[in-house]
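Structure file my_file-v1.csv (CSV, C-alpha atoms (C1' of nucleotides)) is printed below.
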chain,number,residue,atom,x,y,z
A,13,MET,CA,0.0,0.0,0.0
A,14,SER,CA,2.9,2.3,-0.5
A,15,THR,CA,0.8,3.8,-3.3
A,16,ASN,CA,-0.6,6.2,-0.7
A,17,ARG,CA,-1.4,9.5,-2.1
A,18,THR,CA,-2.4,11.2,1.1
A,19,PRO,CA,-2.3,15.0,0.7
A,20,LEU,CA,0.1,16.6,3.1
A,21,PRO,CA,1.0,20.3,3.6
A,22,GLY,CA,4.1,21.3,1.8
A,23,ARG,CA,3.8,19.0,-1.2
A,24,PRO,CA,1.7,19.2,-4.3
A,25,VAL,CA,-1.9,18.3,-4.0
A,26,ARG,CA,-5.0,18.6,-6.1
A,27,GLY,CA,-5.4,22.2,-6.9
A,28,SER,CA,-2.1,23.5,-5.6
A,29,LYS,CA,1.4,22.8,-6.7
A,30,THR,CA,2.9,24.3,-3.5
A,31,GLY,CA,0.8,22.3,-1.1
A,32,ARG,CA,-0.5,25.3,0.8
A,33,PRO,CA,-1.8,23.9,4.1
A,34,LEU,CA,-5.3,25.0,3.4
A,35,MET,CA,-5.3,23.3,-0.1
A,36,ALA,CA,-3.8,20.1,1.3
A,37,ALA,CA,-6.5,20.2,4.0
A,38,MET,CA,-9.3,20.7,1.5
A,39,ASP,CA,-7.9,17.9,-0.6
A,40,LEU,CA,-7.7,15.5,2.4
A,41,LEU,CA,-10.9,16.4,4.1
A,42,SER,CA,-13.1,16.7,1.1
A,43,ARG,CA,-12.6,13.0,0.2
A,44,ARG,CA,-15.8,11.2,0.8
A,45,TRP,CA,-16.5,10.3,4.4
A,46,ALA,CA,-13.2,11.8,5.7
A,47,LEU,CA,-15.0,14.5,7.7
A,48,ARG,CA,-17.6,12.1,8.8
A,49,ILE,CA,-15.1,9.7,10.2
A,50,ILE,CA,-13.4,12.4,12.2
A,51,TRP,CA,-16.8,13.6,13.4
A,52,GLU,CA,-17.7,10.1,14.6
A,53,LEU,CA,-14.4,9.8,16.5
A,54,ARG,CA,-14.9,13.2,18.2
A,55,ASP,CA,-16.1,11.6,21.5
A,56,GLY,CA,-13.5,8.9,21.7
A,57,PRO,CA,-12.0,5.9,20.0
A,58,LEU,CA,-14.0,3.5,17.9
A,59,GLY,CA,-13.1,0.2,16.3
A,60,ALA,CA,-13.5,-0.3,12.6
A,61,ARG,CA,-16.7,-2.2,12.7
A,62,PRO,CA,-18.5,0.2,15.1
A,63,LEU,CA,-17.3,3.1,13.0
A,64,LEU,CA,-18.7,1.4,10.0
A,65,ALA,CA,-22.0,0.8,11.8
A,66,ARG,CA,-22.3,4.5,12.5
A,67,CYS,CA,-21.7,5.6,9.0
A,68,GLU,CA,-24.6,4.1,7.1
A,69,GLY,CA,-23.6,3.7,3.5
A,70,LEU,CA,-19.9,3.7,4.1
A,71,SER,CA,-18.2,0.6,2.7
A,72,SER,CA,-15.3,-1.0,4.5
A,73,SER,CA,-13.0,-0.6,1.6
A,74,VAL,CA,-13.4,3.1,1.6
A,75,LEU,CA,-13.2,3.2,5.3
A,76,TYR,CA,-9.8,1.6,5.4
A,77,GLN,CA,-8.6,3.8,2.6
A,78,ARG,CA,-9.7,6.9,4.6
A,79,LEU,CA,-8.2,5.5,7.8
A,80,ASP,CA,-5.0,5.0,6.0
A,81,GLU,CA,-4.9,8.5,4.7
A,82,LEU,CA,-6.0,10.1,8.0
A,83,THR,CA,-3.3,8.0,9.8
A,84,THR,CA,-0.7,9.1,7.3
A,85,ALA,CA,-1.8,12.7,7.8
A,86,ASP,CA,-1.5,12.2,11.5
A,87,LEU,CA,-5.1,13.0,12.3
A,88,VAL,CA,-6.0,9.6,13.4
A,89,ALA,CA,-4.0,6.8,15.1
A,90,PRO,CA,-4.8,3.2,16.0
A,91,SER,CA,-4.9,2.4,19.7
A,92,GLU,CA,-6.0,-0.3,22.0
A,93,ALA,CA,-9.5,1.0,22.1
A,94,GLY,CA,-9.7,1.5,18.4
A,95,TYR,CA,-9.0,4.3,16.0
A,96,THR,CA,-8.6,7.5,17.9
A,97,LEU,CA,-8.1,11.2,17.0
A,98,THR,CA,-4.6,12.6,17.6
A,99,ASP,CA,-4.1,15.9,19.2
A,100,VAL,CA,-4.1,17.7,15.9
A,101,GLY,CA,-7.0,15.7,14.8
A,102,MET,CA,-8.9,16.8,17.9
A,103,SER,CA,-8.0,20.4,17.2
A,104,LEU,CA,-10.2,20.2,14.1
A,105,GLY,CA,-13.0,20.5,16.6
A,106,PRO,CA,-13.5,24.2,16.5
A,107,ALA,CA,-13.7,24.2,12.7
A,108,LEU,CA,-16.2,21.4,12.8
A,109,HIS,CA,-18.2,23.2,15.4
A,110,GLU,CA,-18.3,26.3,13.2
A,111,LEU,CA,-19.4,24.1,10.3
A,112,ASN,CA,-22.2,22.7,12.5
A,113,ILE,CA,-23.4,26.1,13.4
A,114,TRP,CA,-23.3,27.2,9.9
A,115,ALA,CA,-25.2,24.2,8.7
A,116,ASP,CA,-28.1,25.0,11.1
A,117,ALA,CA,-28.2,28.6,9.8
A,118,TRP,CA,-28.1,27.3,6.2
A,119,ALA,CA,-31.0,25.0,7.0
A,120,GLU,CA,-33.0,28.0,8.2
A,121,THR,CA,-32.5,29.9,5.0
A,122,ILE,CA,-33.4,26.9,2.9
A,123,HIS,CA,-36.6,26.4,4.7
A,124,ALA,CA,-37.3,30.1,4.6
A,125,ARG,CA,-36.8,30.1,0.9
A,126,SER,CA,-39.0,27.2,0.1
A,127,PRO,CA,-41.8,27.1,2.8
A,128,GLU,CA,-43.8,24.3,1.3
A,129,GLN,CA,-41.5,21.2,1.2
A,130,PRO,CA,-42.3,18.5,-1.2
A,131,HIS,CA,-43.0,15.1,0.4
B,1041,MET,CA,-30.4,19.9,-14.4
B,1042,SER,CA,-33.4,17.7,-13.9
B,1043,THR,CA,-31.4,15.0,-12.3
B,1044,ASN,CA,-29.9,17.3,-9.7
B,1045,ARG,CA,-29.0,15.5,-6.5
B,1046,THR,CA,-27.9,18.5,-4.5
B,1047,PRO,CA,-27.9,17.6,-0.9
B,1048,LEU,CA,-30.1,19.9,1.1
B,1049,PRO,CA,-30.9,20.0,4.8
B,1050,GLY,CA,-34.1,18.2,5.7
B,1051,ARG,CA,-33.9,15.4,3.1
B,1052,PRO,CA,-31.9,12.2,2.9
B,1053,VAL,CA,-28.3,12.7,1.9
B,1054,ARG,CA,-25.4,10.4,1.8
B,1055,GLY,CA,-24.8,9.2,5.3
B,1056,SER,CA,-28.0,10.4,6.8
B,1057,LYS,CA,-31.6,9.5,6.2
B,1058,THR,CA,-32.8,12.4,8.1
B,1059,GLY,CA,-30.8,15.0,6.3
B,1060,ARG,CA,-29.4,16.6,9.5
B,1061,PRO,CA,-28.0,19.9,8.4
B,1062,LEU,CA,-24.4,19.0,9.3
B,1063,MET,CA,-24.6,15.8,7.3
B,1064,ALA,CA,-26.2,17.6,4.3
B,1065,ALA,CA,-23.4,20.2,4.6
B,1066,MET,CA,-20.7,17.6,4.7
B,1067,ASP,CA,-22.2,15.8,1.7
B,1068,LEU,CA,-22.5,19.1,-0.3
B,1069,LEU,CA,-19.2,20.6,0.7
B,1070,SER,CA,-17.0,17.5,0.5
B,1071,ARG,CA,-17.7,17.1,-3.2
B,1072,ARG,CA,-14.5,17.7,-5.0
B,1073,TRP,CA,-13.7,21.4,-5.6
B,1074,ALA,CA,-16.9,22.6,-3.8
B,1075,LEU,CA,-15.0,24.2,-0.9
B,1076,ARG,CA,-12.3,25.5,-3.3
B,1077,ILE,CA,-14.9,27.2,-5.4
B,1078,ILE,CA,-16.4,29.0,-2.4
B,1079,TRP,CA,-12.9,29.9,-1.3
B,1080,GLU,CA,-12.1,31.5,-4.6
B,1081,LEU,CA,-15.3,33.5,-4.5
B,1082,ARG,CA,-14.7,34.9,-1.1
B,1083,ASP,CA,-13.4,38.2,-2.3
B,1084,GLY,CA,-16.0,38.9,-4.9
B,1085,PRO,CA,-17.8,37.6,-8.0
B,1086,LEU,CA,-15.9,35.7,-10.7
B,1087,GLY,CA,-16.9,34.5,-14.1
B,1088,ALA,CA,-16.8,30.8,-15.0
B,1089,ARG,CA,-13.5,31.0,-17.0
B,1090,PRO,CA,-11.6,33.1,-14.5
B,1091,LEU,CA,-12.8,30.7,-11.8
B,1092,LEU,CA,-11.6,27.8,-13.9
B,1093,ALA,CA,-8.2,29.6,-14.3
B,1094,ARG,CA,-7.7,29.9,-10.6
B,1095,CYS,CA,-8.5,26.2,-9.9
B,1096,GLU,CA,-5.7,24.5,-11.6
B,1097,GLY,CA,-6.8,21.0,-12.4
B,1098,LEU,CA,-10.5,21.7,-12.3
B,1099,SER,CA,-12.4,20.7,-15.4
B,1100,SER,CA,-15.2,22.8,-16.8
B,1101,SER,CA,-17.7,19.9,-16.6
B,1102,VAL,CA,-17.2,19.5,-12.9
B,1103,LEU,CA,-17.2,23.2,-12.4
B,1104,TYR,CA,-20.6,23.6,-13.8
B,1105,GLN,CA,-21.9,20.7,-11.9
B,1106,ARG,CA,-20.6,22.2,-8.7
B,1107,LEU,CA,-22.0,25.6,-9.6
B,1108,ASP,CA,-25.3,24.0,-10.3
B,1109,GLU,CA,-25.3,22.3,-6.9
B,1110,LEU,CA,-24.1,25.3,-5.0
B,1111,THR,CA,-26.7,27.4,-6.7
B,1112,THR,CA,-29.4,25.0,-5.8
B,1113,ALA,CA,-28.2,25.0,-2.3
B,1114,ASP,CA,-28.4,28.8,-2.3
B,1115,LEU,CA,-24.7,29.3,-1.5
B,1116,VAL,CA,-23.9,30.8,-4.9
B,1117,ALA,CA,-25.9,32.9,-7.3
B,1118,PRO,CA,-25.2,34.1,-10.8
B,1119,SER,CA,-24.9,37.9,-11.2
B,1120,GLU,CA,-23.9,40.5,-13.7
B,1121,ALA,CA,-20.3,40.3,-12.5
B,1122,GLY,CA,-20.2,36.5,-12.5
B,1123,TYR,CA,-20.9,33.9,-9.9
B,1124,THR,CA,-21.2,35.4,-6.4
B,1125,LEU,CA,-21.6,34.1,-2.9
B,1126,THR,CA,-25.0,34.6,-1.4
B,1127,ASP,CA,-25.3,35.8,2.2
B,1128,VAL,CA,-25.5,32.4,3.5
B,1129,GLY,CA,-22.6,31.4,1.3
B,1130,MET,CA,-20.6,34.3,2.7
B,1131,SER,CA,-21.4,33.2,6.2
B,1132,LEU,CA,-19.3,30.1,5.6
B,1133,GLY,CA,-16.4,32.5,6.1
B,1134,PRO,CA,-15.8,31.8,9.8
B,1135,ALA,CA,-15.8,28.1,9.3
B,1136,LEU,CA,-13.3,28.4,6.4
B,1137,HIS,CA,-11.2,30.7,8.5
B,1138,GLU,CA,-11.1,28.2,11.3
B,1139,LEU,CA,-10.1,25.5,8.7
B,1140,ASN,CA,-7.4,27.8,7.4
B,1141,ILE,CA,-6.0,28.3,10.9
B,1142,TRP,CA,-6.2,24.6,11.6
B,1143,ALA,CA,-4.4,23.8,8.4
B,1144,ASP,CA,-1.4,25.9,9.4
B,1145,ALA,CA,-1.2,24.2,12.8
B,1146,TRP,CA,-1.5,20.9,11.1
B,1147,ALA,CA,1.4,21.8,8.8
B,1148,GLU,CA,3.5,22.6,11.8
B,1149,THR,CA,2.9,19.2,13.4
B,1150,ILE,CA,3.6,17.4,10.2
B,1151,HIS,CA,6.9,19.1,9.8
B,1152,ALA,CA,7.8,18.7,13.4
B,1153,ARG,CA,7.0,15.0,13.1
B,1154,SER,CA,9.0,14.3,10.0
B,1155,PRO,CA,11.7,17.0,9.3
B,1156,GLU,CA,13.0,15.3,6.2
B,1157,GLN,CA,10.3,13.6,4.4
B,1158,PRO,CA,8.9,11.2,1.8
B,1159,HIS,CA,10.7,9.8,-1.1
C,683,DT,C1',-11.2,-29.4,21.7
C,684,DG,C1',-14.5,-27.6,18.4
C,685,DC,C1',-18.2,-24.1,17.6
C,686,DT,C1',-19.8,-19.5,17.4
C,687,DA,C1',-19.6,-14.7,17.3
C,688,DA,C1',-17.4,-10.3,17.0
C,689,DT,C1',-13.8,-7.7,15.0
C,690,DG,C1',-10.1,-6.2,11.7
C,691,DT,C1',-8.9,-6.3,7.0
C,692,DT,C1',-8.6,-7.3,1.9
C,693,DT,C1',-10.4,-8.4,-2.6
C,694,DC,C1',-12.9,-7.6,-6.8
C,695,DG,C1',-16.6,-6.6,-10.3
C,696,DG,C1',-19.7,-3.1,-11.3
C,697,DA,C1',-21.6,1.8,-10.7
C,698,DA,C1',-20.9,6.5,-10.1
C,699,DA,C1',-18.0,10.6,-10.2
C,700,DA,C1',-14.3,13.3,-12.0
C,701,DC,C1',-11.2,14.3,-15.8
C,702,DG,C1',-9.7,16.2,-20.3
C,703,DA,C1',-10.3,17.9,-24.4
C,704,DA,C1',-13.0,19.4,-27.7
C,705,DA,C1',-16.9,21.6,-29.4
C,706,DC,C1',-21.0,24.8,-29.7
C,707,DA,C1',-23.0,29.4,-28.8
C,708,DC,C1',-22.6,34.3,-28.4
C,709,DA,C1',-21.1,38.5,-27.8
C,710,DA,C1',-17.6,42.6,-28.5
C,711,DG,C1',-13.7,44.9,-31.2
C,712,DG,C1',-10.7,45.6,-34.9
D,1131,DC,C1',-15.5,38.8,-41.7
D,1132,DC,C1',-12.2,37.4,-38.3
D,1133,DT,C1',-10.4,37.1,-34.0
D,1134,DT,C1',-10.8,37.0,-28.9
D,1135,DG,C1',-12.9,36.2,-24.6
D,1136,DT,C1',-16.5,34.1,-22.3
D,1137,DG,C1',-20.4,30.7,-20.9
D,1138,DT,C1',-21.7,26.2,-21.5
D,1139,DT,C1',-22.4,21.3,-23.0
D,1140,DT,C1',-20.9,16.8,-24.8
D,1141,DC,C1',-18.5,12.5,-24.6
D,1142,DG,C1',-14.9,8.9,-24.1
D,1143,DT,C1',-11.5,7.7,-20.7
D,1144,DT,C1',-9.8,7.3,-16.0
D,1145,DT,C1',-10.3,7.4,-11.1
D,1146,DT,C1',-13.0,6.8,-7.1
D,1147,DC,C1',-16.6,4.6,-4.6
D,1148,DC,C1',-19.9,1.0,-3.6
D,1149,DG,C1',-21.4,-3.6,-2.1
D,1150,DA,C1',-20.8,-7.9,-1.0
D,1151,DA,C1',-18.2,-11.5,0.0
D,1152,DA,C1',-14.2,-13.5,1.7
D,1153,DC,C1',-10.2,-14.4,4.9
D,1154,DA,C1',-7.7,-13.8,9.4
D,1155,DT,C1',-7.7,-13.4,14.4
D,1156,DT,C1',-9.3,-13.5,18.9
D,1157,DA,C1',-12.5,-14.5,22.8
D,1158,DG,C1',-16.1,-17.0,24.9
D,1159,DC,C1',-18.2,-21.3,25.8
D,1160,DA,C1',-20.3,-26.1,25.6
Let me see whether you can do it: turn the structure in this file into structure tokens.
Amino acid sequence: MSTNRTPLPGRPVRGSKTGRPLMAAMDLLSRRWALRIIWELRDGPLGARPLLARCEGLSSSVLYQRLDELTTADLVAPSEAGYTLTDVGMSLGPALHELNIWADAWAETIHARSPEQPH
Amino acid sequence: MSTNRTPLPGRPVRGSKTGRPLMAAMDLLSRRWALRIIWELRDGPLGARPLLARCEGLSSSVLYQRLDELTTADLVAPSEAGYTLTDVGMSLGPALHELNIWADAWAETIHARSPEQPH
DNA sequence: TGCTAATGTTTCGGAAAACGAAACACAAGG
DNA sequence: CCTTGTGTTTCGTTTTCCGAAACATTAGCA
């Protein structure tokens, strides 16, 4: 599995030859399920199967690919209790919190815009 | 655009049958280039071609697909001057700012961890 | 021992998404 | 006209993801 193309700051990533940290982060975190996996680990370690169970629709193959990338990127590390967020992984918290807040506001505007929802 | 599967809060999205705003946001924003497009529009409207020019590696077909989704999601709107962020699109700013800050910290830890790196 | 269940992980064929390049459409401006 | 810049669509190829099954390992237990 040395064909690991995990985006890291400081080297070329999709959309940036210089690997600006933000671009590397966007590349890494906008891969499908990456943010979700981090989100599910926010309250403590989880094993692979429990993690899979929480992410309905996530396949194991993609899960392990993401875990590999996130591990390479040092956001996640394996431990006795399962996969766990590293310190820097944990420090994504505030950004996710902001995103959560924003999402609620977004939901408001969408509902305000289209009062009668189709069913 | 009849088969537009734009994730919106309140309806099922990838990873959530209930369409929790955060899940819908993750689904929408973790599509490739979505965050980047918003990032590039942060300082004002841009036309499609200029936008394309800024996102090296982005293809026009994907750009228009994203613009369509982001427009449906009410984050982006077309205007005289080009594609522009809506109010709610703009309000993603703080979250992106947090992400930017985090990315820099992340870069620090990566460099601290492996001073001389990959092959 | 042998069975069963839970977990960790890999494999692989098919489906969906992204890419890349070209093409079409339509305005200016020279 | 002809070029130039822009907005947009089309389509064949490549990459990524999905879905299900399989294999490995460990723990409990009759």
TODO: Identify all chain C residues at most 9 Å from chain B by counting all atoms listed in the file; ligands do not count. Present them as an MDAnalysis selection string.
DONE: chainID C and resid 700:702
Task: chain D contacts to chain B at 12 Å (all atoms listed in the file) as a list in words - done: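 Therefore, the residues near the partner are DG1135, DT1136, DG1137, DT1138, DT1139, DT1140, DC1141 and DT1146 of chain D.
Pairwise distance (atom CA of B:Leu1068, atom CA of A:Gly22) equals 26.8 Å.
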- [ ] Give as a ChimeraX atom specification every residue of chain A that touches chain B within 6 Å, counting all atoms listed in the file.
- [x] /A:21,27,33-34,42,68-69,107,110-112,115-116,119
Just the selected residues (C-alpha atoms), exported as a PDB file, in the coordinates of the input, please.
ATOM      1  CA  PRO A  21       1.000  20.300   3.600  1.00  0.00           C
ATOM      2  CA  GLY A  27      -5.400  22.200  -6.900  1.00  0.00           C
ATOM      3  CA  PRO A  33      -1.800  23.900   4.100  1.00  0.00           C
ATOM      4  CA  LEU A  34      -5.300  25.000   3.400  1.00  0.00           C
ATOM      5  CA  SER A  42     -13.100  16.700   1.100  1.00  0.00           C
ATOM      6  CA  GLU A  68     -24.600   4.100   7.100  1.00  0.00           C
ATOM      7  CA  GLY A  69     -23.600   3.700   3.500  1.00  0.00           C
ATOM      8  CA  ALA A 107     -13.700  24.200  12.700  1.00  0.00           C
ATOM      9  CA  GLU A 110     -18.300  26.300  13.200  1.00  0.00           C
ATOM     10  CA  LEU A 111     -19.400  24.100  10.300  1.00  0.00           C
ATOM     11  CA  ASN A 112     -22.200  22.700  12.500  1.00  0.00           C
ATOM     12  CA  ALA A 115     -25.200  24.200   8.700  1.00  0.00           C
ATOM     13  CA  ASP A 116     -28.100  25.000  11.100  1.00  0.00           C
ATOM     14  CA  ALA A 119     -31.000  25.000   7.000  1.00  0.00           C
TER      15      ALA A 119
END
Task: Distance in Å - atom CA of A:Thr18 versus atom CA of B:Leu1081 - done: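 One can read the atom CA of A:Thr18 to atom CA of B:Leu1081 distance as 26.4 Å.
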TODO: Find, counting only C-alpha atoms (C1' of nucleotides), the residue in C:DG684, C:DG696, C:DG690, C:DG711 that gets nearest to D:DT1156.
DONE: C:DG690
Open item on the list: Quick check, in Å to one decimal: how far apart do atom C1' of D:DC1148 and atom CA of B:Glu1109 lie?
Closed with: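 Separation of atom C1' of D:DC1148 and atom CA of B:Glu1109: 22.2 Å.
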